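What follows is a set of notes on a single structure, which appears directly below.
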Amino acid sequence: KKEFDWWSSQWGKMLKTGNAGDLNTRAGKTFRKNFRLPYQLYELLVNDIKEAGICGNNESAAKQKACPVEIKVLGALRTLGRGTLHADVADMTGASAELHRNFFLIFIKFVVDKYYEDWVKMGDEDDLERCAAAYDAMGFTGCVGSMDATHLRWMRCPKFGKGLNTGKEAFPSRAFNVVVTHSGRIVSITKSHEGSRNDKTIVRFDGFVDMVRSDPSYADKLFEIYTLEGEINILK
């Protein structure tokens with residue numbers, strides 16, 4: 001049986017012949033739109049995954065060359081960024097939908113373990129000042145982020161868990177308390193909670209909220225607001 005050339009697939013040709021690395025070109029802008037990150041970050045992901053050695057052997061069970069990491073990562077990014085089905089990704093890579101499904105699970109765990117602590121956080125004091133300034137300009141003085149509980153539908157929730165995970169949405173879900181800056185940067189996400197829990201309950205288990213209340217960088221920060229009479233009132 002003739003060995004399949006992975007680089008002859010639609011995405012393989014794009015990687016080999018395109019100019020996606022230049023954000024000023026059409027190819028670079030298209031790559032950013034299709035995979036939700038610039039080509040340079042994609043290369044960083046690929047290199048880190050290769051170094052971690054999480055993709056197994058370079059050969060399939062049939063002793064043929066395995067699907068390259070570069071193409072697997074594109075499939076995971078497309079599914080994550082656009083909700084594309086694994087079967088649709090397979091049409092563009094030449095690999096099977098099952099291969100992309102299995103790698104997607106590996107990819108998500110790797111990204112969380114490798115990057116979460118470095119990226120999902122509030123930065124230094126200067127970063128905090130920039131976040132507060134954006135809200136101050138809109139009249140929300142003293143605010144550093146926007147918070148809400150986000151419910152993700154649990155499509156295949158086991159029967160025994162439906163009651164505990166079904167809340168006001170009327171379908172099983174898992175809930176996460178998420179804090180973002182005004183620019184949309186996520187700075188905190190809690191572990192998942194049962195969908196039947198409301199915001200008031202979930203926020204009690206949010207470490208970021210506890211930090212805002214107790215960390216001097218937040219709790220002792222002074223800001224000015226105006227009263228209805230036009231007088232300045234200093235608050236923490």
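Here's how to read the names in the structure tokens: chain A, B, ... by the order shown, residue numbers from 1 in each chain, ligand numbers from 1 in the order shown.
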Each residue of stretch 40-87 of chain A with at least one atom at most 10 Å from stretch 111-122 of chain A should appear once, together with its nearest atom pair and the corresponding distance in Å (one decimal); atoms considered: only C-alpha atoms; ordering: chain, then increasing residue number; output as a tab-separated table.
residue	atom	partner	partner_atom	distance
A:Leu45	CA	A:Val111	CA	8.5
A:Asp48	CA	A:Lys114	CA	8.9
A:Ile49	CA	A:Val111	CA	9.1
A:Ala52	CA	A:Lys114	CA	9.8
Could you write those residues out with C-alpha atoms, as a tab-separated table (two decimals), in the first residue's frame?
chain	number	residue	atom	x	y	z
A	45	LEU	CA	3.03	25.23	20.56
A	48	ASP	CA	6.81	22.59	23.04
A	49	ILE	CA	4.68	19.56	22.19
A	52	ALA	CA	7.32	17.05	25.69
Self-check item: Long-range neighbours of A:Lys168 as a PyMOL selection string, 9 Å cut-off, only C-alpha atoms, 6 positions minimum in chain
Solution: chain A and resi 195-196+198
Quiz prompt | Shell of 7 Å around stretch 99-105 of chain A, only C-alpha atoms, local chain residues under 5 positions omitted, as a PyMOL selection string | solution = chain A and resi 72+75-76+86
Quiz item: What residues in stretch 19-195 of chain A get the DSSP label strand (DSSP E or B)? Please answer as JSON, numbers by chain.
Solution: {"A": [59, 65, 146, 147, 148, 149, 150, 151, 152, 153, 166, 172, 173, 174, 175, 176, 177, 178, 179, 180, 186, 187, 188, 189, 193, 194]}
Practice problem: For atom CA of A:Trp6 and atom CA of A:Pro68, determine how far apart the two atoms are, in Å to one decimal place. | Solution: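 Taking atom CA of A:Trp6 and atom CA of A:Pro68, their separation equals 7.4 Å.
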Self-check item: Nearest to A:Met147, chosen from A:Leu128, A:Ala87, A:Ile202, A:Leu41, with only C-alpha atoms counted in the distances
Solution: A:Ile202
Self-check item: DSSP-assigned alpha helix (DSSP H) among stretch 11-230 of chain A, expressed as a ChimeraX atom specification
Solution: /A:11-17,26-35,39-52,69-82,86-93,97-119,125-137,162-165,199-202,207-214,216-219
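Proximity to A:Val203 was assessed for A:Thr17, A:Asn233, A:Thr181, A:Thr150 counting only C-alpha atoms; the smallest distance is recorded for A:Thr150.
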Practice problem: Between atom CA of A:Gln10 and atom CA of A:Asp88, measure the distance and give it in Å to one decimal. | Solution: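 Here the two named atoms are 12.2 Å from each other.
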Quiz prompt | Shortest interatomic distance to A:Gly139 - which of A:Glu224, A:Gly18, A:Lys13, A:Ser8, counting only C-alpha atoms | solution =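 Ranked by minimum distance to A:Gly139, first place goes to A:Glu224.
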Quiz prompt | Residue with smallest distance to A:Asp136 - pool A:Phe223, A:Phe171, A:Phe176, A:Phe208, counting only C-alpha atoms | solution = A:Phe223
Quiz item: Just how far from atom CA of A:Arg197 is atom CA of A:Gly83, in Å to one decimal?
Solution: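 These atoms are spaced 26.2 Å apart.
With only C-alpha atoms as the atoms that count, the minimum distance from A:Gly145 to the choices A:Gln40, A:Ser183, A:Thr166, A:Ser173 is reached by A:Ser183.
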Practice problem: Find the spatial neighbours of A:Ser192, counting only C-alpha atoms, within a cut-off of 9 Å - ignore same-chain residues fewer than 6 positions away - and output them as a list in words. | Solution: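 Contacts, with the query itself left out: Arg174, Ala175, Phe176 and Asn177 of chain A.
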Exercise. Find the residues around stretch 32-35 of chain A up to 9 Å (only C-alpha atoms counted), leave out those fewer than 2 positions away in its own chain, and share them as a count of residues only.
Key: 18
